[in-house]
$ cat work.cif   # mmCIF, C-alpha atoms (C1' of nucleotides)
data_final
loop_
_atom_site.label_atom_id
_atom_site.label_comp_id
_atom_site.auth_asym_id
_atom_site.auth_seq_id
_atom_site.Cartn_x
_atom_site.Cartn_y
_atom_site.Cartn_z
CA MET K 46 29.97 -159.78 61.26
CA GLY K 47 26.38 -159.01 60.45
CA ILE K 48 26.30 -156.57 63.33
CA THR K 49 26.42 -152.82 63.09
CA LYS K 50 28.50 -150.35 65.07
CA THR K 51 25.48 -148.31 66.02
CA GLU K 52 27.28 -146.26 68.61
CA ALA K 53 29.47 -144.84 65.90
CA PHE K 54 26.80 -143.05 63.91
CA THR K 55 24.45 -140.16 64.45
CA GLU K 56 20.92 -140.68 65.68
CA ALA K 57 19.57 -139.19 62.47
CA ASP K 58 21.54 -141.56 60.27
CA ILE K 59 20.48 -144.56 62.32
CA THR K 60 16.83 -143.56 62.17
CA LEU K 61 16.92 -142.98 58.44
CA ALA K 62 18.67 -146.30 57.93
CA THR K 63 16.02 -148.03 60.01
CA TYR K 64 13.21 -146.65 57.89
CA ALA K 65 15.11 -147.45 54.72
CA LYS K 66 15.65 -150.99 55.90
CA ALA K 67 11.92 -151.40 56.32
CA LEU K 68 11.53 -150.48 52.65
CA ALA K 69 14.45 -152.62 51.57
CA HIS K 70 12.44 -155.62 50.45
CA PRO K 71 9.94 -155.67 47.58
CA ALA K 72 7.45 -157.62 49.67
CA ARG K 73 7.40 -154.89 52.28
CA VAL K 74 7.07 -152.20 49.65
CA ALA K 75 4.15 -154.15 48.22
CA ILE K 76 2.54 -154.48 51.65
CA LEU K 77 2.85 -150.76 52.24
CA ARG K 78 1.31 -150.03 48.86
CA ILE K 79 -1.64 -152.22 49.76
CA LEU K 80 -2.07 -150.32 53.00
CA LEU K 81 -1.71 -147.02 51.17
CA VAL K 82 -4.29 -147.78 48.52
CA ARG K 83 -6.95 -148.58 51.05
CA SER K 84 -6.81 -145.34 52.91
CA SER K 85 -8.76 -146.80 55.77
CA CYS K 86 -7.64 -149.74 57.81
CA ILE K 87 -7.73 -153.14 56.32
CA CYS K 88 -7.33 -156.48 57.86
CA GLY K 89 -4.98 -159.25 57.14
CA ASP K 90 -6.03 -160.41 53.72
CA ILE K 91 -2.69 -159.04 52.62
CA VAL K 92 -1.52 -162.63 52.35
CA GLU K 93 -3.85 -163.27 49.45
CA GLU K 94 -2.44 -160.41 47.45
CA LEU K 95 1.11 -161.65 47.75
CA PRO K 96 2.80 -164.78 46.48
CA LEU K 97 4.20 -165.55 49.90
CA SER K 98 3.15 -167.83 52.69
CA GLN K 99 1.20 -166.56 55.66
CA SER K 100 4.14 -166.93 58.00
CA THR K 101 6.45 -165.02 55.71
CA VAL K 102 3.99 -162.16 55.34
CA SER K 103 3.51 -162.10 59.09
CA GLN K 104 7.25 -161.78 59.50
CA HIS K 105 7.42 -158.84 57.09
CA LEU K 106 4.55 -157.19 58.90
CA LYS K 107 6.43 -157.59 62.13
CA GLU K 108 9.45 -155.84 60.69
CA LEU K 109 7.34 -152.97 59.43
CA LYS K 110 5.80 -152.72 62.87
CA GLU K 111 9.20 -152.75 64.55
CA ALA K 112 10.40 -149.99 62.27
CA GLY K 113 7.30 -148.11 63.40
CA LEU K 114 5.85 -147.55 59.94
CA ILE K 115 2.69 -149.52 60.57
CA LYS K 116 0.58 -150.51 63.51
CA GLY K 117 -1.75 -153.42 64.01
CA ASP K 118 -4.76 -153.38 66.24
CA ILE K 119 -6.73 -156.39 67.25
CA ASP K 120 -10.25 -156.32 65.84
CA GLY K 121 -12.18 -159.38 66.79
CA LYS K 122 -10.48 -162.39 65.38
CA LYS K 123 -8.63 -160.46 62.74
CA VAL K 124 -5.93 -157.88 63.08
CA CYS K 125 -6.26 -154.47 61.53
CA TYR K 126 -3.17 -152.95 59.99
CA CYS K 127 -2.57 -149.44 58.90
CA ILE K 128 0.14 -146.91 58.26
CA ASP K 129 1.35 -145.09 61.35
CA GLU K 130 0.84 -141.49 60.31
CA LYS K 131 3.44 -139.95 62.58
CA ALA K 132 6.25 -142.33 61.70
CA TRP K 133 5.30 -142.24 58.03
CA LYS K 134 5.61 -138.47 57.89
CA HIS K 135 8.80 -138.58 59.88
CA ALA K 136 10.31 -141.03 57.42
CA GLN K 137 9.07 -138.91 54.55
CA LEU K 138 10.72 -135.83 56.01
CA LEU K 139 14.05 -137.54 56.65
CA MET K 140 14.10 -138.97 53.14
CA GLN K 141 13.13 -135.67 51.57
CA GLN K 142 15.80 -133.80 53.50
CA MET K 143 18.39 -136.34 52.50
CA PHE K 144 17.51 -136.30 48.83
CA ALA K 145 16.98 -132.57 48.65
CA THR K 146 20.50 -131.88 49.89
CA TYR K 147 21.82 -132.79 46.48
CA THR K 148 22.91 -130.06 44.14
CA SER K 149 24.46 -131.20 40.93
CA CYS K 150 28.15 -130.51 40.98
CA GLY K 151 30.13 -128.48 38.53
CA THR K 152 32.54 -129.47 35.83
CA ASN K 153 35.04 -130.95 38.23
CA CYS K 154 32.83 -133.95 38.72
CA CYS K 155 33.01 -137.55 37.56
CA MET R 63 16.29 -168.54 53.00
CA GLY R 64 17.92 -165.17 52.64
CA ILE R 65 16.85 -165.13 49.04
CA THR R 66 14.07 -163.06 47.56
CA LYS R 67 11.33 -164.10 45.17
CA THR R 68 12.14 -161.28 42.79
CA GLU R 69 10.03 -162.61 39.98
CA ALA R 70 6.95 -162.19 42.13
CA PHE R 71 7.04 -158.42 42.50
CA THR R 72 6.69 -155.44 40.22
CA GLU R 73 9.67 -153.77 38.67
CA ALA R 74 8.87 -150.56 40.52
CA ASP R 75 8.77 -152.25 43.90
CA ILE R 76 12.04 -154.04 43.25
CA THR R 77 13.74 -150.84 42.16
CA LEU R 78 12.49 -148.91 45.15
CA ALA R 79 13.57 -151.72 47.47
CA THR R 80 17.02 -151.71 45.89
CA TYR R 81 17.49 -148.01 46.51
CA ALA R 82 16.12 -148.37 50.03
CA LYS R 83 18.52 -151.19 50.72
CA ALA R 84 21.41 -148.94 49.76
CA LEU R 85 20.25 -146.52 52.46
CA ALA R 86 19.58 -149.28 54.95
CA HIS R 87 22.82 -148.96 56.88
CA PRO R 88 23.96 -145.91 58.87
CA ALA R 89 27.45 -146.14 57.43
CA ARG R 90 26.09 -145.81 53.91
CA VAL R 91 23.86 -142.93 54.90
CA ALA R 92 26.91 -141.26 56.42
CA ILE R 93 28.94 -141.86 53.27
CA LEU R 94 26.21 -140.33 51.14
CA ARG R 95 26.02 -137.31 53.43
CA ILE R 96 29.76 -136.78 53.03
CA LEU R 97 29.40 -136.95 49.26
CA LEU R 98 26.44 -134.59 49.42
CA VAL R 99 28.20 -131.97 51.52
CA ARG R 100 31.15 -131.74 49.18
CA SER R 101 29.23 -131.04 46.07
CA SER R 102 32.24 -131.88 43.96
CA CYS R 103 34.02 -135.19 43.95
CA ILE R 104 36.24 -136.16 46.74
CA CYS R 105 38.38 -139.17 47.14
CA GLY R 106 38.70 -141.88 49.65
CA ASP R 107 39.35 -139.84 52.71
CA ILE R 108 35.85 -140.99 53.53
CA VAL R 109 37.60 -143.66 55.53
CA GLU R 110 39.04 -141.05 57.86
CA GLU R 111 35.65 -139.60 58.59
CA LEU R 112 34.17 -142.92 59.60
CA PRO R 113 35.03 -145.23 62.46
CA LEU R 114 35.32 -148.20 60.14
CA SER R 115 38.21 -149.95 58.52
CA GLN R 116 39.23 -149.21 54.96
CA SER R 117 38.02 -152.56 53.71
CA THR R 118 34.63 -152.13 55.31
CA VAL R 119 34.19 -148.68 53.83
CA SER R 120 35.24 -150.00 50.44
CA GLN R 121 32.58 -152.68 50.73
CA HIS R 122 29.89 -150.13 51.54
CA LEU R 123 31.02 -148.00 48.61
CA LYS R 124 30.72 -151.03 46.39
CA GLU R 125 27.14 -151.56 47.48
CA LEU R 126 26.26 -147.95 46.83
CA LYS R 127 27.84 -148.28 43.40
CA GLU R 128 25.92 -151.47 42.66
CA ALA R 129 22.68 -149.79 43.65
CA GLY R 130 23.65 -147.10 41.17
CA LEU R 131 23.53 -144.20 43.61
CA ILE R 132 27.19 -143.31 43.29
CA LYS R 133 29.92 -143.67 40.75
CA GLY R 134 33.66 -143.79 41.15
CA ASP R 135 36.14 -142.62 38.57
CA ILE R 136 39.84 -143.29 38.68
CA ASP R 137 41.85 -140.13 39.14
CA GLY R 138 45.52 -140.89 39.28
CA LYS R 139 46.18 -143.12 42.20
CA LYS R 140 43.05 -142.18 44.02
CA VAL R 141 39.45 -142.89 43.15
CA CYS R 142 36.94 -140.12 42.88
CA TYR R 143 33.44 -140.80 44.13
CA CYS R 144 30.32 -138.81 43.66
CA ILE R 145 26.57 -139.06 43.62
CA ASP R 146 25.10 -140.30 40.35
CA GLU R 147 22.68 -137.54 39.53
CA LYS R 148 20.32 -139.56 37.40
CA ALA R 149 19.92 -142.45 39.83
CA TRP R 150 19.72 -140.09 42.77
CA LYS R 151 16.83 -138.19 41.24
CA HIS R 152 15.17 -141.40 40.22
CA ALA R 153 15.36 -142.70 43.78
CA GLN R 154 14.09 -139.38 45.06
CA LEU R 155 11.12 -139.55 42.74
CA LEU R 156 10.22 -143.12 43.65
CA MET R 157 10.46 -142.34 47.35
CA GLN R 158 8.44 -139.16 47.02
CA GLN R 159 5.73 -140.92 45.06
CA MET R 160 5.59 -143.67 47.62
CA PHE R 161 5.37 -141.37 50.61
CA ALA R 162 3.04 -138.89 48.96
CA THR R 163 0.44 -141.58 48.31
CA TYR R 164 -0.50 -141.47 51.95
CA THR R 165 -3.64 -139.67 52.97
CA SER R 166 -4.52 -139.91 56.61
CA CYS R 167 -7.47 -142.14 57.10
CA GLY R 168 -10.75 -141.26 58.75
CA THR R 169 -12.24 -142.24 62.05
CA ASN R 170 -12.40 -145.92 61.18
CA CYS R 171 -8.70 -146.23 61.69
CA CYS R 172 -6.52 -147.87 64.26
"C1'" DT P 63 -17.83 -176.95 74.60
"C1'" DT P 64 -16.22 -177.88 70.17
"C1'" DT P 65 -15.15 -176.20 65.81
"C1'" DT P 66 -13.40 -172.85 62.73
"C1'" DA P 67 -10.82 -169.02 61.19
"C1'" DT P 68 -7.04 -165.79 61.64
"C1'" DA P 69 -2.58 -164.37 62.73
"C1'" DA P 70 1.68 -164.99 65.55
"C1'" DT P 71 5.43 -167.73 66.76
"C1'" DC P 72 8.73 -171.65 66.56
"C1'" DG P 73 12.06 -174.41 64.27
"C1'" DT P 74 14.94 -174.88 60.57
"C1'" DA P 75 17.55 -174.27 56.27
"C1'" DA P 76 19.66 -171.41 52.80
"C1'" DT P 77 21.62 -167.26 51.80
"C1'" DA P 78 23.12 -162.37 52.78
"C1'" DT P 79 25.29 -158.83 55.47
"C1'" DT P 80 28.72 -156.64 58.29
"C1'" DA P 81 33.26 -156.31 59.73
"C1'" DC P 82 38.18 -156.81 59.79
"C1'" DG P 83 42.98 -158.18 58.73
"C1'" DA P 84 45.80 -159.54 55.09
"C1'" DT P 85 46.92 -159.42 50.56
"C1'" DA P 86 46.82 -157.81 45.77
"C1'" DA P 87 46.64 -154.40 42.11
"C1'" DG P 88 47.56 -150.01 40.27
"C1'" DA P 89 49.73 -145.71 39.46
"C1'" DA P 90 52.76 -141.95 41.07
"C1'" DA P 91 57.16 -140.72 43.18
"C1'" DG P 92 61.81 -141.50 44.09
"C1'" DC H 236 63.17 -150.59 38.90
"C1'" DT H 237 61.76 -149.99 43.62
"C1'" DT H 238 59.13 -147.78 46.94
"C1'" DT H 239 55.00 -145.72 48.44
"C1'" DC H 240 50.32 -144.59 48.59
"C1'" DT H 241 45.56 -145.70 47.68
"C1'" DT H 242 41.80 -148.69 46.89
"C1'" DA H 243 39.93 -153.33 45.80
"C1'" DT H 244 39.54 -157.95 46.80
"C1'" DC H 245 40.05 -162.31 49.44
"C1'" DG H 246 39.29 -165.10 53.37
"C1'" DT H 247 36.91 -165.70 57.41
"C1'" DA H 248 33.81 -165.27 61.39
"C1'" DA H 249 29.65 -163.64 63.54
"C1'" DT H 250 25.17 -162.35 62.92
"C1'" DA H 251 20.91 -161.21 60.16
"C1'" DT H 252 17.51 -162.06 56.66
"C1'" DT H 253 14.23 -164.61 53.95
"C1'" DA H 254 11.23 -168.29 53.51
"C1'" DC H 255 8.27 -172.09 54.70
"C1'" DG H 256 5.80 -175.75 57.25
"C1'" DA H 257 4.11 -176.84 61.65
"C1'" DT H 258 2.36 -175.42 65.76
"C1'" DT H 259 0.21 -172.28 69.01
"C1'" DA H 260 -2.95 -168.75 70.63
"C1'" DT H 261 -7.10 -166.33 70.45
"C1'" DA H 262 -11.66 -165.20 69.53
"C1'" DA H 263 -15.92 -165.83 66.95
"C1'" DA H 264 -19.33 -169.23 65.44
"C1'" DA H 265 -21.79 -173.41 65.84
#
$ encode --input "work.cif" --output "structure tokens"
Amino acid sequence: MGITKTEAFTEADITLATYAKALAHPARVAILRILLVRSSCICGDIVEELPLSQSTVSQHLKELKEAGLIKGDIDGKKVCYCIDEKAWKHAQLLMQQMFATYTSCGTNCC
Amino acid sequence: MGITKTEAFTEADITLATYAKALAHPARVAILRILLVRSSCICGDIVEELPLSQSTVSQHLKELKEAGLIKGDIDGKKVCYCIDEKAWKHAQLLMQQMFATYTSCGTNCC
DNA sequence: TTTTATAATCGTAATATTACGATAAGAAAG
DNA sequence: CTTTCTTATCGTAATATTACGATTATAAAA
């Protein structure tokens, strides 16, 4: 149905899934890498670094913003994007915790 | 168009996005947590722990398998799922690298 | 004020995802 | 062989995603 039974899952799982979803498209990963490389804010010349139209990039930026991972401030006639430190570190923590839980199982395993 | 210009992105970004997509739904996060808690294989009583139908759970399991994060071996009339260690650690590494790249920017930031 | 540049939004089309019931496929149990 | 249990797959419906061109909105520049 394309819709998710959100009420059925824990807050933590929903949050992690939301962050993961933001990373779930190569274009958005690429955008984040661009923002990461330039450790200070940059403005919207992201379009020129990607093989996508301006409207498509704008849409991906919107999704990253909605997930909370980035923020965009108006700066004259451009818009200035950067990583949202708090959300970024939160996502990092949730991911780390998730992945770190793994301990390789014994001989009874697949 | 619901389709992605895969040829336009780097292999690393596509791989990371694929792993992220596997985590991009709370049900799949929940499934992975179940598999993580029981460090040895368990079988499809995952269904009973989730408020989803058997067919829906099976579909999510399939996606996790296709992303490579889990594997399922036949064990009599049940199927035994567990985390795929290699892929799991690969995903962990890619995520860590991605998140660790961040260094909080100076005063010129949003 | 008019022009120009930048980014967001709208409209639309193609494809993907999520979910479930029903059915099929497989092996173990009787 | 037949029944039973478990999981996969099919069919279908509702919604979401991805992408682009066209348009709109806003502010700086002329």
$ atom_distance --input "work.cif" --atom1 "CA of His152 in chain R" --atom2 "CA of Lys110 in chain K"
27.0 Å
$ interface_residues --input "work.cif" --of "chain R" --to "chain K" --cutoff "8 Å" --atoms "all atoms listed in the file" --output "PyMOL selection string"
chain R and resi 68+70-71+75-76+78-83+85-89+91-92+95+98-99+101-103+113+133-135+142-144+147+150-151+154+157-158+160-161+163-168+170-172
$ interface_residues --input "work.cif" --of "chain R" --to "chain P" --cutoff "10 Å" --atoms "only C-alpha atoms (C1' of nucleotides)" --output "MDAnalysis selection string"
chainID R and resid 63:66 87 114:119 121:122 137:140
$ closest_residue --input "work.cif" --among "H:DC255, H:DA263, H:DA248, H:DC236" --to "chain R" --atoms "all atoms listed in the file"
H:DC255
$ resolve_selection --input "work.cif" --expression "the PyMOL selection byres ((chain H) within 7 of (chain R))" --output "PyMOL selection string"
chain H and resi 241+252-254
$ atom_distance --input "work.cif" --atom1 "CA of Leu131 in chain R" --atom2 "CA of Gln142 in chain K"
16.3 Å
$ atom_distance --input "work.cif" --atom1 "CA of Glu108 in chain K" --atom2 "CA of Ile132 in chain R"
27.8 Å
$ decode --input "work.cif" --residues "chain P" --atoms "N, CA and C atoms (P, O5', C5', C4', C3', O3' and C1' of nucleotides)" --output "tab-separated table (two decimals), in the first residue's frame"
chain	number	residue	atom	x	y	z
P	63	DT	P	8.35	49.96	-9.20
P	63	DT	O5'	8.05	50.34	-10.73
P	63	DT	C5'	8.82	51.46	-11.29
P	63	DT	C4'	9.55	51.01	-12.54
P	63	DT	C3'	9.20	49.62	-13.03
P	63	DT	O3'	9.25	49.58	-14.46
P	63	DT	C1'	11.49	49.69	-12.51
P	64	DT	P	8.57	48.41	-15.29
P	64	DT	O5'	9.83	47.63	-15.87
P	64	DT	C5'	10.80	48.37	-16.65
P	64	DT	C4'	12.07	47.54	-16.78
P	64	DT	C3'	11.83	46.08	-17.20
P	64	DT	O3'	12.67	45.79	-18.30
P	64	DT	C1'	13.22	46.16	-15.29
P	65	DT	P	12.65	44.41	-19.05
P	65	DT	O5'	13.99	43.72	-18.52
P	65	DT	C5'	15.22	44.47	-18.56
P	65	DT	C4'	16.29	43.73	-17.79
P	65	DT	C3'	16.40	42.24	-18.13
P	65	DT	O3'	17.75	41.96	-18.46
P	65	DT	C1'	16.32	42.54	-15.78
P	66	DT	P	18.18	40.55	-19.06
P	66	DT	O5'	18.79	39.87	-17.76
P	66	DT	C5'	19.76	40.60	-16.98
P	66	DT	C4'	20.13	39.79	-15.76
P	66	DT	C3'	20.25	38.28	-16.01
P	66	DT	O3'	21.47	37.84	-15.46
P	66	DT	C1'	18.84	38.70	-14.16
P	67	DA	P	22.04	36.37	-15.80
P	67	DA	O5'	22.02	35.71	-14.36
P	67	DA	C5'	22.52	36.46	-13.25
P	67	DA	C4'	22.09	35.78	-11.96
P	67	DA	C3'	22.18	34.26	-12.00
P	67	DA	O3'	22.84	33.83	-10.82
P	67	DA	C1'	20.02	34.93	-11.32
P	68	DT	P	23.32	32.32	-10.68
P	68	DT	O5'	22.30	31.78	-9.57
P	68	DT	C5'	22.24	32.44	-8.33
P	68	DT	C4'	21.05	31.92	-7.56
P	68	DT	C3'	20.96	30.40	-7.53
P	68	DT	O3'	21.10	29.97	-6.19
P	68	DT	C1'	18.87	31.40	-7.98
P	69	DA	P	21.26	28.41	-5.85
P	69	DA	O5'	19.78	28.04	-5.43
P	69	DA	C5'	19.21	28.72	-4.32
P	69	DA	C4'	17.73	28.45	-4.26
P	69	DA	C3'	17.35	26.97	-4.21
P	69	DA	O3'	16.51	26.77	-3.08
P	69	DA	C1'	16.09	28.09	-5.87
P	70	DA	P	15.90	25.38	-2.70
P	70	DA	O5'	14.35	25.67	-2.93
P	70	DA	C5'	13.77	26.80	-2.29
P	70	DA	C4'	12.31	26.92	-2.67
P	70	DA	C3'	11.52	25.64	-2.47
P	70	DA	O3'	10.27	25.98	-1.87
P	70	DA	C1'	11.38	26.33	-4.75
P	71	DT	P	9.27	24.84	-1.44
P	71	DT	O5'	8.27	24.80	-2.68
P	71	DT	C5'	7.61	25.99	-3.08
P	71	DT	C4'	6.83	25.73	-4.34
P	71	DT	C3'	5.94	24.48	-4.31
P	71	DT	O3'	4.62	24.89	-4.59
P	71	DT	C1'	7.20	24.58	-6.30
P	72	DC	P	3.43	23.80	-4.51
P	72	DC	O5'	3.09	23.60	-6.05
P	72	DC	C5'	3.00	24.75	-6.90
P	72	DC	C4'	2.66	24.33	-8.33
P	72	DC	C3'	1.74	23.12	-8.41
P	72	DC	O3'	0.76	23.37	-9.41
P	72	DC	C1'	3.75	22.67	-9.58
P	73	DG	P	-0.50	22.38	-9.53
P	73	DG	O5'	-0.14	21.53	-10.82
P	73	DG	C5'	0.38	22.21	-11.98
P	73	DG	C4'	0.76	21.18	-13.03
P	73	DG	C3'	-0.08	19.91	-13.00
P	73	DG	O3'	-0.45	19.59	-14.34
P	73	DG	C1'	2.22	19.34	-12.82
P	74	DT	P	-1.41	18.37	-14.67
P	74	DT	O5'	-0.37	17.25	-15.11
P	74	DT	C5'	0.67	17.59	-16.03
P	74	DT	C4'	1.63	16.44	-16.16
P	74	DT	C3'	0.97	15.06	-16.14
P	74	DT	O3'	1.30	14.39	-17.34
P	74	DT	C1'	2.89	15.10	-14.76
P	75	DA	P	0.53	13.09	-17.80
P	75	DA	O5'	1.69	12.00	-17.84
P	75	DA	C5'	2.90	12.31	-18.55
P	75	DA	C4'	3.97	11.34	-18.12
P	75	DA	C3'	3.49	9.88	-18.05
P	75	DA	O3'	4.35	9.09	-18.85
P	75	DA	C1'	4.59	10.50	-16.04
P	76	DA	P	4.11	7.54	-19.01
P	76	DA	O5'	5.24	6.92	-18.09
P	76	DA	C5'	6.60	7.27	-18.32
P	76	DA	C4'	7.46	6.64	-17.26
P	76	DA	C3'	7.21	5.14	-17.08
P	76	DA	O3'	8.46	4.48	-17.03
P	76	DA	C1'	6.97	6.27	-15.01
P	77	DT	P	8.51	2.90	-17.00
P	77	DT	O5'	8.81	2.62	-15.45
P	77	DT	C5'	9.93	3.27	-14.85
P	77	DT	C4'	9.82	3.16	-13.36
P	77	DT	C3'	9.72	1.74	-12.82
P	77	DT	O3'	10.87	1.52	-12.03
P	77	DT	C1'	8.27	3.22	-11.68
P	78	DA	P	11.14	0.14	-11.30
P	78	DA	O5'	10.87	0.48	-9.76
P	78	DA	C5'	11.21	1.76	-9.26
P	78	DA	C4'	10.89	1.83	-7.78
P	78	DA	C3'	10.95	0.51	-7.03
P	78	DA	O3'	11.58	0.75	-5.78
P	78	DA	C1'	8.78	1.46	-6.81
P	79	DT	P	11.76	-0.41	-4.72
P	79	DT	O5'	10.59	-0.08	-3.67
P	79	DT	C5'	10.44	1.24	-3.18
P	79	DT	C4'	9.30	1.30	-2.21
P	79	DT	C3'	9.25	0.16	-1.19
P	79	DT	O3'	9.13	0.77	0.09
P	79	DT	C1'	7.15	0.39	-2.26
P	80	DT	P	9.27	-0.06	1.44
P	80	DT	O5'	7.75	-0.38	1.82
P	80	DT	C5'	6.89	0.69	2.14
P	80	DT	C4'	5.49	0.16	2.34
P	80	DT	C3'	5.38	-1.07	3.25
P	80	DT	O3'	4.53	-0.76	4.32
P	80	DT	C1'	4.11	-1.32	1.26
P	81	DA	P	4.39	-1.75	5.56
P	81	DA	O5'	3.13	-2.63	5.14
P	81	DA	C5'	1.85	-2.00	5.09
P	81	DA	C4'	0.86	-2.93	4.43
P	81	DA	C3'	0.86	-4.35	4.99
P	81	DA	O3'	-0.21	-4.48	5.91
P	81	DA	C1'	0.60	-4.26	2.59
P	82	DC	P	-0.41	-5.79	6.78
P	82	DC	O5'	-1.38	-6.61	5.84
P	82	DC	C5'	-2.61	-6.02	5.44
P	82	DC	C4'	-3.24	-6.89	4.39
P	82	DC	C3'	-3.33	-8.35	4.79
P	82	DC	O3'	-4.68	-8.74	4.90
P	82	DC	C1'	-2.54	-8.10	2.55
P	83	DG	P	-5.05	-10.06	5.68
P	83	DG	O5'	-5.74	-10.88	4.49
P	83	DG	C5'	-6.67	-10.23	3.63
P	83	DG	C4'	-6.85	-11.03	2.36
P	83	DG	C3'	-7.10	-12.52	2.58
P	83	DG	O3'	-8.09	-12.97	1.65
P	83	DG	C1'	-5.19	-12.24	1.23
P	84	DA	P	-8.60	-14.46	1.71
P	84	DA	O5'	-7.78	-15.12	0.51
P	84	DA	C5'	-7.83	-14.49	-0.78
P	84	DA	C4'	-7.03	-15.30	-1.78
P	84	DA	C3'	-7.17	-16.82	-1.62
P	84	DA	O3'	-7.27	-17.41	-2.90
P	84	DA	C1'	-4.90	-16.21	-1.47
P	85	DT	P	-7.57	-18.92	-3.08
P	85	DT	O5'	-6.20	-19.46	-3.69
P	85	DT	C5'	-5.56	-18.71	-4.71
P	85	DT	C4'	-4.12	-19.13	-4.82
P	85	DT	C3'	-3.90	-20.65	-4.87
P	85	DT	O3'	-3.23	-20.95	-6.07
P	85	DT	C1'	-2.37	-19.62	-3.41
P	86	DA	P	-2.91	-22.46	-6.45
P	86	DA	O5'	-1.34	-22.54	-6.17
P	86	DA	C5'	-0.48	-21.62	-6.83
P	86	DA	C4'	0.95	-21.84	-6.38
P	86	DA	C3'	1.44	-23.29	-6.47
P	86	DA	O3'	2.77	-23.27	-6.91
P	86	DA	C1'	1.68	-22.52	-4.26
P	87	DA	P	3.41	-24.61	-7.50
P	87	DA	O5'	4.82	-24.70	-6.78
P	87	DA	C5'	5.36	-23.57	-6.09
P	87	DA	C4'	6.31	-24.05	-5.00
P	87	DA	C3'	6.73	-25.52	-5.11
P	87	DA	O3'	8.10	-25.61	-4.82
P	87	DA	C1'	5.75	-25.13	-3.00
P	88	DG	P	8.94	-26.96	-5.14
P	88	DG	O5'	9.37	-27.51	-3.71
P	88	DG	C5'	10.13	-26.68	-2.83
P	88	DG	C4'	10.00	-27.19	-1.42
P	88	DG	C3'	10.15	-28.72	-1.30
P	88	DG	O3'	11.49	-29.01	-0.90
P	88	DG	C1'	8.35	-27.85	0.05
P	89	DA	P	11.92	-30.57	-0.66
P	89	DA	O5'	11.63	-30.77	0.89
P	89	DA	C5'	12.23	-29.88	1.85
P	89	DA	C4'	11.57	-30.12	3.20
P	89	DA	C3'	11.74	-31.56	3.71
P	89	DA	O3'	11.95	-31.54	5.10
P	89	DA	C1'	9.46	-31.00	3.62
P	90	DA	P	12.65	-32.76	5.82
P	90	DA	O5'	11.61	-33.06	6.99
P	90	DA	C5'	11.39	-32.06	7.99
P	90	DA	C4'	10.09	-32.34	8.69
P	90	DA	C3'	10.00	-33.70	9.39
P	90	DA	O3'	9.55	-33.49	10.72
P	90	DA	C1'	8.15	-33.41	7.92
P	91	DA	P	9.40	-34.71	11.72
P	91	DA	O5'	7.84	-35.01	11.69
P	91	DA	C5'	6.91	-33.92	11.80
P	91	DA	C4'	5.49	-34.47	11.84
P	91	DA	C3'	5.34	-35.79	12.59
P	91	DA	O3'	4.13	-35.76	13.32
P	91	DA	C1'	4.64	-36.07	10.34
P	92	DG	P	3.84	-36.89	14.37
P	92	DG	O5'	2.68	-37.73	13.66
P	92	DG	C5'	1.45	-37.06	13.32
P	92	DG	C4'	0.63	-37.92	12.37
P	92	DG	C3'	0.53	-39.37	12.81
P	92	DG	O3'	-0.73	-39.59	13.46
P	92	DG	C1'	0.96	-39.16	10.44
